[in-house]
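Just below is one structure, and these are the notes that go with it.
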Amino acid sequence: MNCPNVGANGMTMPKLGLGTWKLSGASCTDAVRRALDLGYRHIDTAEMYGNEAEIGTALAQASVARDKIFLTSKVWLEHLAPDALTSALEASLRRLRCDYLDLYLIHWPAPGMNLAASLGAMMRARAAGKIRHIGVSNFPVALLREAVEVIGAPIACNQVEYHVLLGQRAVLEYARAHDIVVSAYCPLAQGRLGEHPVLDQIAAKHQISAAQVALAWLFAQESVAAIPKAARAESQQANLAALAVRLDAQDHAAIAALPKNQRFVNPGFAPPWDAA
Ligand SMILES: NC(=O)c1ccc[n+]([C@@H]2O[C@H](COP(=O)([O-])OP(=O)(O)OC[C@H]3O[C@@H](n4cnc5c(N)ncnc54)[C@H](OP(=O)(O)O)[C@@H]3O)[C@@H](O)[C@H]2O)c1
């Protein structure tokens with residue numbers, strides 16, 4: 001199945017990506033290569049995941065040309081100073097065996113960081129052709145606003161936790177108004193949405209799975225992409241098939257009525273999420 005794209009700020013990103021957090025070793029290489037064989041064209045990694053070399057092996061072995069793949073990596077929060085960021089990017093490219101990334105994200109904002117300096121280093125990397133697009137992750141609206149309106153950085157994406165149990169209304173409103181894609185991480189609430197009483201009912205009606213309902217809900221949204229991690233072939237196939245699922249108004253109403261305050265990724269260094 002052809003994956004639809006979502007676009008912003010000159011960037012075109014396949015709406016479905018393969019998340020790779022916690023994939024490691026040969027099983028990571030196998031999962032990424034299989035996903036590419038199945039039709040995935042968007043892979044999400046990070047220096048912190050420790051699997052860029054395995055993904056690099058999969059990319060080198062794949063029969064899909066590099067320019068047909070959308071590849072994202074992220075700089076860890078200890079490497080946000082310009083020199084450190086530039087070295088971290090070079091190291092990621094070496095491990096991934098690539099000349100460029102499609103998207104490079106600041107993985108987490110760091111308390112006391114010099115955001116202008118970090119984004120300046122990313123803009124220089126972009127001018128040098130090492131990255132195609134610049135983005136951030138885990139940025140609440142206040143920080144997005146600083147990046148876009150104060151610093152003037154061409155932010156193409158904010159990757160945040162987003163699923164049927166966690167709303168992101170303010171981030172989405174800001175992103176849509178400023179031509180930014182919201183990439184939904186943990187779109188299956190870290191696997192919890194494999195089963196869920198409300199999603200199960202909707203799934204039974206459409207003869208699909210609860211996980212596919214959760215993904216279809218995200219895919220239906222303007223300016224939103226999703227990057228479920230799936231090691232198993234069945235999950236990878238099911239998530240691709242979710243691109244074709246159309247939920248009806250009744251389904252959307254049932255999902256809208258679910259609590260939207262369940263955040264599962266919230267480390268001690270996380271920013272104040274509601275900062276506007
Ligand atoms: N920017 C950030 O700070 C940040 C934070 C967290 C995550 N992320 C990114 O987002 C990606 C996704 O998040 P996540 O891995 O934490 O959680 P997730 O994608 O919400 O859930 C992954 C779990 O769901 C299972 N699964 C996948 N497809 C399924 C299906 N169709 N039916 C049933 N179960 C299914 C997977 O099982 P199998 O693997 O066994 O198939 C795995 O156990 C990460 O891998 C990473 O790339 C980014």
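By order in the structure tokens, chains are A, B, ...; within a chain, residues start at 1; ligands start at 1, following the order shown.
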(request) Using DSSP on the backbone coordinates, identify the residues of range 123-185 of chain A assigned to alpha helix (DSSP H); present them as a PyMOL selection string. (result) chain A and resi 123-127+141-145+169-177
(message) So that I can check the surroundings of Ala153 in chain A, please list as a ChimeraX atom specification every protein, DNA and RNA residue that reaches within 8 Å of it, counting only C-alpha atoms and ignoring chain neighbours fewer than 3 positions away.
(response) /A:119,123,147-149
Keeping only C-alpha atoms, write the selected residues as a PDB file, in the first residue's frame.
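File produced: again.pdb:
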```pdb
ATOM      1  CA  LEU A 119      19.194  25.685  16.242  1.00  0.00           C
ATOM      2  CA  MET A 123      20.713  25.481  10.344  1.00  0.00           C
ATOM      3  CA  ALA A 147      12.073  28.457  18.283  1.00  0.00           C
ATOM      4  CA  VAL A 148       9.750  29.747  15.564  1.00  0.00           C
ATOM      5  CA  GLU A 149       8.909  33.345  16.484  1.00  0.00           C
TER       6      GLU A 149
END
```
(message) I need the residues of range 171-271 of chain A that end up classed as strand (DSSP E) by DSSP on the backbone, written out as a PyMOL selection string.
(response) chain A and resi 181-185+224-226
Next, write the just-selected residues to a file, as a PDB file, in the first residue's frame, keeping C-alpha atoms as the atom set.
```
ATOM      1  CA  VAL A 181       4.001  18.423  11.379  1.00  0.00           C
ATOM      2  CA  VAL A 182       3.160  16.754  14.689  1.00  0.00           C
ATOM      3  CA  SER A 183       4.712  13.294  14.728  1.00  0.00           C
ATOM      4  CA  ALA A 184       2.918  11.091  17.257  1.00  0.00           C
ATOM      5  CA  TYR A 185       5.241   8.948  19.348  1.00  0.00           C
ATOM      6  CA  VAL A 224      -0.195  14.419  11.964  1.00  0.00           C
ATOM      7  CA  ALA A 225       2.132  11.460  11.353  1.00  0.00           C
ATOM      8  CA  ALA A 226       2.595   8.405  13.614  1.00  0.00           C
TER       9      ALA A 226
END
```
(request) Have a look at A:Pro154, A:Gly191, A:Gly25, A:Gly112 and name the one nearest to Gly135 in chain A; count only C-alpha atoms. (result)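 Nearest to Gly135 in chain A: A:Pro154.
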(request) Name all residues at most 10 Å from Leu96 in chain A (count only C-alpha atoms; drop same-chain ones fewer than 4 positions away) and give them as a list in words. (result)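 Here the qualifying residues turn out to be Thr45, Asn51, Glu52, Ala53, Glu54, Ile55, Gly56, Thr57, Ala58, Leu59, Ala60, Leu71, Ser73, Glu90, Ala91, Ser92, Tyr100 and Leu101 of chain A.
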Selected residues written out, N, CA and C atoms, as a compact mmCIF listing (two decimals), in the first residue's frame:
```txt
# COMPACT_ATOMS: atom_id res chain seq x y z
N THR A 45 14.79 7.05 14.40
CA THR A 45 15.76 6.58 15.38
C THR A 45 16.28 7.79 16.16
N ASN A 51 20.93 2.23 18.35
CA ASN A 51 20.69 1.24 17.27
C ASN A 51 20.93 1.82 15.87
N GLU A 52 21.59 2.98 15.81
CA GLU A 52 21.80 3.59 14.48
C GLU A 52 22.67 2.69 13.60
N ALA A 53 23.66 2.01 14.18
CA ALA A 53 24.53 1.16 13.36
C ALA A 53 23.73 0.00 12.77
N GLU A 54 22.82 -0.57 13.58
CA GLU A 54 22.00 -1.69 13.08
C GLU A 54 21.05 -1.20 11.99
N ILE A 55 20.55 0.00 12.17
CA ILE A 55 19.66 0.57 11.13
C ILE A 55 20.48 0.87 9.88
N GLY A 56 21.69 1.36 10.07
CA GLY A 56 22.58 1.60 8.93
C GLY A 56 22.81 0.32 8.13
N THR A 57 22.97 -0.80 8.84
CA THR A 57 23.15 -2.09 8.15
C THR A 57 21.89 -2.42 7.34
N ALA A 58 20.72 -2.23 7.95
CA ALA A 58 19.46 -2.52 7.24
C ALA A 58 19.33 -1.64 6.00
N LEU A 59 19.67 -0.36 6.13
CA LEU A 59 19.56 0.56 4.99
C LEU A 59 20.52 0.12 3.87
N ALA A 60 21.71 -0.32 4.27
CA ALA A 60 22.71 -0.74 3.27
C ALA A 60 22.25 -2.01 2.57
N LEU A 71 14.38 9.45 6.69
CA LEU A 71 15.14 8.99 7.86
C LEU A 71 15.26 10.13 8.88
N SER A 73 16.69 11.21 12.77
CA SER A 73 17.42 10.91 14.00
C SER A 73 17.35 12.13 14.92
N GLU A 90 27.50 14.14 13.03
CA GLU A 90 28.49 13.40 12.21
C GLU A 90 28.52 11.94 12.62
N ALA A 91 28.48 11.70 13.94
CA ALA A 91 28.54 10.32 14.44
C ALA A 91 27.28 9.55 14.03
N SER A 92 26.12 10.20 14.10
CA SER A 92 24.88 9.54 13.67
C SER A 92 24.97 9.18 12.19
N TYR A 100 23.19 12.12 4.59
CA TYR A 100 22.28 13.15 5.11
C TYR A 100 21.13 12.48 5.86
N LEU A 101 20.50 13.26 6.72
CA LEU A 101 19.24 12.86 7.36
C LEU A 101 18.13 13.68 6.73
```
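Reported to one decimal place, the separation of CA of Arg124 in chain A from CA of Pro82 in chain A is 9.9 Å.
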(request) Do a neighbour search on Ala121 in chain A at 8 Å with only C-alpha atoms, toss out local chain neighbours closer than 5 positions, and write the hits as a PyMOL selection string. (result) chain A and resi 82-83+85-86
Let's have the selection written as a compact mmCIF listing (two decimals), in the first residue's frame, with N, CA and C atoms.
```
# COMPACT_ATOMS: atom_id res chain seq x y z
N PRO A 82 26.64 23.86 20.30
CA PRO A 82 26.87 23.75 18.85
C PRO A 82 27.94 22.74 18.44
N ASP A 83 29.12 22.77 19.07
CA ASP A 83 30.17 21.82 18.66
C ASP A 83 29.76 20.39 18.94
N LEU A 85 26.72 19.23 19.17
CA LEU A 85 25.64 18.85 18.25
C LEU A 85 26.22 18.47 16.88
N THR A 86 27.17 19.26 16.41
CA THR A 86 27.76 18.98 15.10
C THR A 86 28.47 17.63 15.12
```
(request) Compile the contact shell of Ala35 in chain A as a ChimeraX atom specification: residues with an atom at most 9 Å away, counting only C-alpha atoms, same-chain residues fewer than 5 positions apart removed. (result) /A:18,30,40-41,230-231,233,236-237
